[in-house]
Amino acid sequence: MEEKIRNKKIIQTSFIGILGNVALVAAKAFIGILTGSSSIISDAINNLSDALSSTVTIVGTKLSAKRPNKKHPFGYGRIEYLTATVVAALILFAGCSAVYESITSLVRGEKTSYDWVAFLIISIGIAAKLALGLFFRIRGKKLDSGAVKNSGTDALFDAALSAGTLIAALISHFANVYLEGYVGIFIGLFIIRSGFLAMRDSLSPILGDRIDDQLASEIKAQICAHPGVKGAYDLVVNNYGEGRSIGSIHIEVDDELTAREIFALEREIQAYMYQEHKILMTVGIYASNESDPLAKEIKTKLFNLVHQDKEILQCHGFYYDDERELVSFDLIIDFDAKRKQEDIAQDIVSALEKDYPKLRFIANLDQDFAA
């Protein structure tokens, strides 16, 4: 989906959320004050935070659409993640406010009284929040917007918890058993929980998410399918907002390829990656180092050693310099390895040194950025 169309749909969705939540705030605040119901007032506060969330989403979407410039050459797409974080903070605030109001009503011993109008408005509110929640979730997934999805999740929680408020109101009215304050506390705690979850999900891409394993495997397979590519390694993809990804990868090629042939291969891969995945990809080169018999022998020995160690995920970037009597290679070691990464690498180097005492071996530790 084109960025302009996507941003327009996010803003339209958010405006619908604002109108719906403002109407619910007015209705619930009126009924809450009229009946003295702390749980209904808590619901109204939560709906107000939802309206503010939609406003923040609109502002964030507008800012994220700004074109890249000299100061921010990667663009402003990550503002969407900040927007989702602000929405999560508003959810947390609403939850804390709901708990505070409910505890206050219990301490004061406030009682509530309802009529059929109050029950009707609460019921309409439940239906409205359920509709808004489903609408936001569907739109959020389709537009891949964390802020919209967070708003949808919050609205669905509101619908379920408002149903609890209605049940408590019915029990209070017909059985004369006061549950309002307790239901309000429960609602508040549930809102706080959803706020923490939303905060976690919104901060994750800011810190830097690992690329999806299935997508990483797919990208490597597609690159290896290009004629002349013998392997693909060190895939890194950084996300700067929807449709704005920059990545890098190393490919292994035959020793005999000329600079002109390598250049043509790089350009072909870069064009393919942008066309298929909208990723601006930088391509680095590893020579296979298999034309020299000794190099091929050492490489085979190295890969056998690596295969025997389950804590080593991958070995690549093998390089043999006969003039300097130097061999270097890259190791990717499991993050969950029980031994220190340096010790694992040293074990491989020591084993090679025993068989080839005249050579110097260097093991470079790579990060496990992708599957």
# chains A, B, ... in the order shown; residues from 1 in each chain; ligands from 1
call {"tool": "select_by_dssp", "arguments": {"residues": "region 48-253 of chain A", "states": "alpha helix (DSSP H)", "output": "ChimeraX atom specification"}}
result
/A:48-64,79-108,116-143,146-175,180-207,213-224
call {"tool": "select_by_dssp", "arguments": {"residues": "region 157-269 of chain A", "states": "strand (DSSP E or B)", "output": "ChimeraX atom specification"}}
result
/A:231-239,245-253
call {"tool": "write_last_selection", "arguments": {"atoms": "C-alpha atoms", "output": "mmCIF file, in the first residue's frame"}}
result
data_model
loop_
_atom_site.group_PDB
_atom_site.id
_atom_site.type_symbol
_atom_site.label_atom_id
_atom_site.label_comp_id
_atom_site.auth_asym_id
_atom_site.auth_seq_id
_atom_site.Cartn_x
_atom_site.Cartn_y
_atom_site.Cartn_z
ATOM 1 C CA GLY A 231 25.780 -18.489 -0.082
ATOM 2 C CA ALA A 232 24.131 -15.569 1.735
ATOM 3 C CA TYR A 233 25.206 -14.454 5.226
ATOM 4 C CA ASP A 234 25.105 -11.616 7.767
ATOM 5 C CA LEU A 235 21.598 -10.433 6.875
ATOM 6 C CA VAL A 236 20.711 -7.256 8.764
ATOM 7 C CA VAL A 237 17.494 -5.271 8.216
ATOM 8 C CA ASN A 238 16.774 -2.001 10.035
ATOM 9 C CA ASN A 239 13.223 -0.663 9.967
ATOM 10 C CA SER A 245 13.846 -0.577 5.500
ATOM 11 C CA ILE A 246 17.595 -0.508 4.982
ATOM 12 C CA GLY A 247 19.633 -3.703 5.071
ATOM 13 C CA SER A 248 22.906 -5.375 4.284
ATOM 14 C CA ILE A 249 24.009 -8.874 3.368
ATOM 15 C CA HIS A 250 27.180 -10.703 2.378
ATOM 16 C CA ILE A 251 27.183 -13.127 -0.523
ATOM 17 C CA GLU A 252 29.753 -15.790 -1.362
ATOM 18 C CA VAL A 253 30.955 -16.003 -4.971
#
call {"tool": "atom_distance", "arguments": {"atom1": "CA of Ser102 (chain A)", "atom2": "CA of Gly184 (chain A)"}}
result
5.2 Å
call {"tool": "closest_atom_pairs", "arguments": {"of": "region 173-226 of chain A", "to": "region 155-169 of chain A", "cutoff": "10 Å", "atoms": "only C-alpha atoms", "output": "Markdown table"}}
result
| residue | atom | partner | partner_atom | distance |
| --- | --- | --- | --- | --- |
| A:His173 | CA | A:Ala169 | CA | 6.1 |
| A:Phe174 | CA | A:Ala169 | CA | 8.6 |
| A:Ala175 | CA | A:Ala169 | CA | 9.8 |
| A:Asn176 | CA | A:Ala169 | CA | 9.6 |
| A:Val177 | CA | A:Ala168 | CA | 8.6 |
| A:Tyr178 | CA | A:Ala168 | CA | 7.8 |
| A:Leu179 | CA | A:Ala168 | CA | 5.7 |
| A:Glu180 | CA | A:Ala168 | CA | 6.2 |
| A:Gly181 | CA | A:Ala168 | CA | 9.6 |
| A:Tyr182 | CA | A:Ala168 | CA | 9.2 |
| A:Val183 | CA | A:Thr165 | CA | 6.4 |
| A:Gly184 | CA | A:Thr165 | CA | 7.6 |
| A:Phe186 | CA | A:Leu161 | CA | 8.5 |
| A:Ile187 | CA | A:Leu161 | CA | 6.0 |
| A:Gly188 | CA | A:Leu161 | CA | 9.4 |
| A:Phe190 | CA | A:Phe157 | CA | 8.1 |
| A:Ile191 | CA | A:Phe157 | CA | 7.5 |
| A:Ser194 | CA | A:Phe157 | CA | 8.2 |
call {"tool": "write_last_selection", "arguments": {"atoms": "N, CA and C atoms", "output": "compact mmCIF listing (two decimals), in the first residue's frame"}}
result
# COMPACT_ATOMS: atom_id res chain seq x y z
N HIS A 173 -28.76 -3.00 41.51
CA HIS A 173 -30.13 -2.49 41.40
C HIS A 173 -31.17 -3.49 41.90
N PHE A 174 -30.99 -4.75 41.52
CA PHE A 174 -32.02 -5.75 41.84
C PHE A 174 -31.75 -6.53 43.12
N ALA A 175 -30.47 -6.71 43.48
CA ALA A 175 -30.15 -7.50 44.68
C ALA A 175 -29.65 -6.62 45.82
N ASN A 176 -29.48 -5.32 45.55
CA ASN A 176 -29.02 -4.38 46.58
C ASN A 176 -27.67 -4.80 47.18
N VAL A 177 -26.81 -5.34 46.32
CA VAL A 177 -25.45 -5.71 46.71
C VAL A 177 -24.49 -4.80 45.97
N TYR A 178 -23.69 -4.02 46.72
CA TYR A 178 -22.82 -3.03 46.10
C TYR A 178 -21.51 -3.66 45.63
N LEU A 179 -21.29 -3.62 44.31
CA LEU A 179 -20.05 -4.16 43.72
C LEU A 179 -19.32 -3.13 42.87
N GLU A 180 -19.84 -1.92 42.79
CA GLU A 180 -19.32 -0.92 41.87
C GLU A 180 -17.82 -0.65 42.05
N GLY A 181 -17.43 -0.38 43.28
CA GLY A 181 -16.03 -0.04 43.55
C GLY A 181 -15.09 -1.16 43.19
N TYR A 182 -15.49 -2.39 43.51
CA TYR A 182 -14.64 -3.55 43.22
C TYR A 182 -14.52 -3.79 41.71
N VAL A 183 -15.64 -3.63 41.02
CA VAL A 183 -15.60 -3.78 39.56
C VAL A 183 -14.72 -2.69 38.94
N GLY A 184 -14.83 -1.48 39.47
CA GLY A 184 -13.99 -0.37 38.98
C GLY A 184 -12.51 -0.66 39.16
N PHE A 186 -11.15 -3.67 39.37
CA PHE A 186 -10.83 -4.74 38.43
C PHE A 186 -10.63 -4.20 37.02
N ILE A 187 -11.54 -3.30 36.61
CA ILE A 187 -11.42 -2.66 35.30
C ILE A 187 -10.09 -1.92 35.19
N GLY A 188 -9.78 -1.15 36.22
CA GLY A 188 -8.54 -0.36 36.22
C GLY A 188 -7.30 -1.23 36.10
N PHE A 190 -7.10 -4.21 34.88
CA PHE A 190 -7.08 -4.84 33.56
C PHE A 190 -6.56 -3.86 32.51
N ILE A 191 -6.99 -2.61 32.63
CA ILE A 191 -6.52 -1.56 31.71
C ILE A 191 -5.01 -1.35 31.87
N SER A 194 -3.16 -4.11 30.08
CA SER A 194 -3.14 -3.93 28.63
C SER A 194 -2.20 -2.79 28.24
call {"tool": "closest_residue", "arguments": {"among": "A:Gly133, A:Asn364, A:Gly146, A:Leu280", "to": "Arg200 (chain A)", "atoms": "only C-alpha atoms"}}
result
A:Gly146
call {"tool": "closest_residue", "arguments": {"among": "A:Leu34, A:Ala259, A:Ile10, A:Leu365", "to": "Val59 (chain A)", "atoms": "only C-alpha atoms"}}
result
A:Ile10
call {"tool": "closest_residue", "arguments": {"among": "A:Thr258, A:Ser53, A:Ser64, A:Ser97", "to": "Asn7 (chain A)", "atoms": "only C-alpha atoms"}}
result
A:Ser64
call {"tool": "residues_around", "arguments": {"residues": "Asp343 (chain A)", "least_positions_apart": "6", "cutoff": "12 Å", "atoms": "only C-alpha atoms", "output": "list in words"}}
result
Glu311, Ile312, Ile333, Ala337, Val349, Ser350, Ala363 and Leu365 of chain A
call {"tool": "write_last_selection", "arguments": {"atoms": "C-alpha atoms", "output": "PDB file, in the first residue's frame"}}
result
ATOM      1  CA  GLU A 311      26.447 -23.938  20.095  1.00  0.00           C
ATOM      2  CA  ILE A 312      27.875 -22.579  16.828  1.00  0.00           C
ATOM      3  CA  ILE A 333      27.339 -18.414  18.187  1.00  0.00           C
ATOM      4  CA  ALA A 337      25.296 -20.751  24.553  1.00  0.00           C
ATOM      5  CA  VAL A 349      41.203 -22.023  16.634  1.00  0.00           C
ATOM      6  CA  SER A 350      43.178 -24.370  18.907  1.00  0.00           C
ATOM      7  CA  ALA A 363      38.015 -16.219  14.459  1.00  0.00           C
ATOM      8  CA  LEU A 365      32.574 -13.239  16.298  1.00  0.00           C
TER       9      LEU A 365
END
call {"tool": "closest_residue", "arguments": {"among": "A:Lys278, A:Arg139, A:Lys8, A:His226", "to": "Ala65 (chain A)", "atoms": "only C-alpha atoms"}}
result
A:Lys8
call {"tool": "residues_around", "arguments": {"residues": "Leu359 (chain A)", "least_positions_apart": "2", "cutoff": "6 Å", "atoms": "only C-alpha atoms", "output": "list in words"}}
result
Glu325, Leu326, Tyr356 and Pro357 of chain A
call {"tool": "write_last_selection", "arguments": {"atoms": "N, CA and C atoms", "output": "JSON list (two decimals), in the first residue's frame"}}
result
[["chain", "number", "residue", "atom", "x", "y", "z"],
["A", 325, "GLU", "N", 50.41, -16.31, 5.57],
["A", 325, "GLU", "CA", 50.14, -17.54, 6.32],
["A", 325, "GLU", "C", 49.05, -17.29, 7.38],
["A", 326, "LEU", "N", 47.97, -16.71, 6.90],
["A", 326, "LEU", "CA", 46.87, -16.28, 7.77],
["A", 326, "LEU", "C", 45.55, -16.86, 7.28],
["A", 356, "TYR", "N", 47.58, -27.40, 11.70],
["A", 356, "TYR", "CA", 48.32, -26.49, 10.82],
["A", 356, "TYR", "C", 49.13, -25.51, 11.69],
["A", 357, "PRO", "N", 50.21, -25.99, 12.33],
["A", 357, "PRO", "CA", 50.97, -25.16, 13.28],
["A", 357, "PRO", "C", 51.67, -23.96, 12.65]]
call {"tool": "residues_around", "arguments": {"residues": "Ala98 (chain A)", "least_positions_apart": "2", "cutoff": "6 Å", "atoms": "only C-alpha atoms", "output": "count of residues only"}}
result
6
call {"tool": "atom_distance", "arguments": {"atom1": "CA of Ala216 (chain A)", "atom2": "CA of Ala271 (chain A)"}}
result
17.5 Å
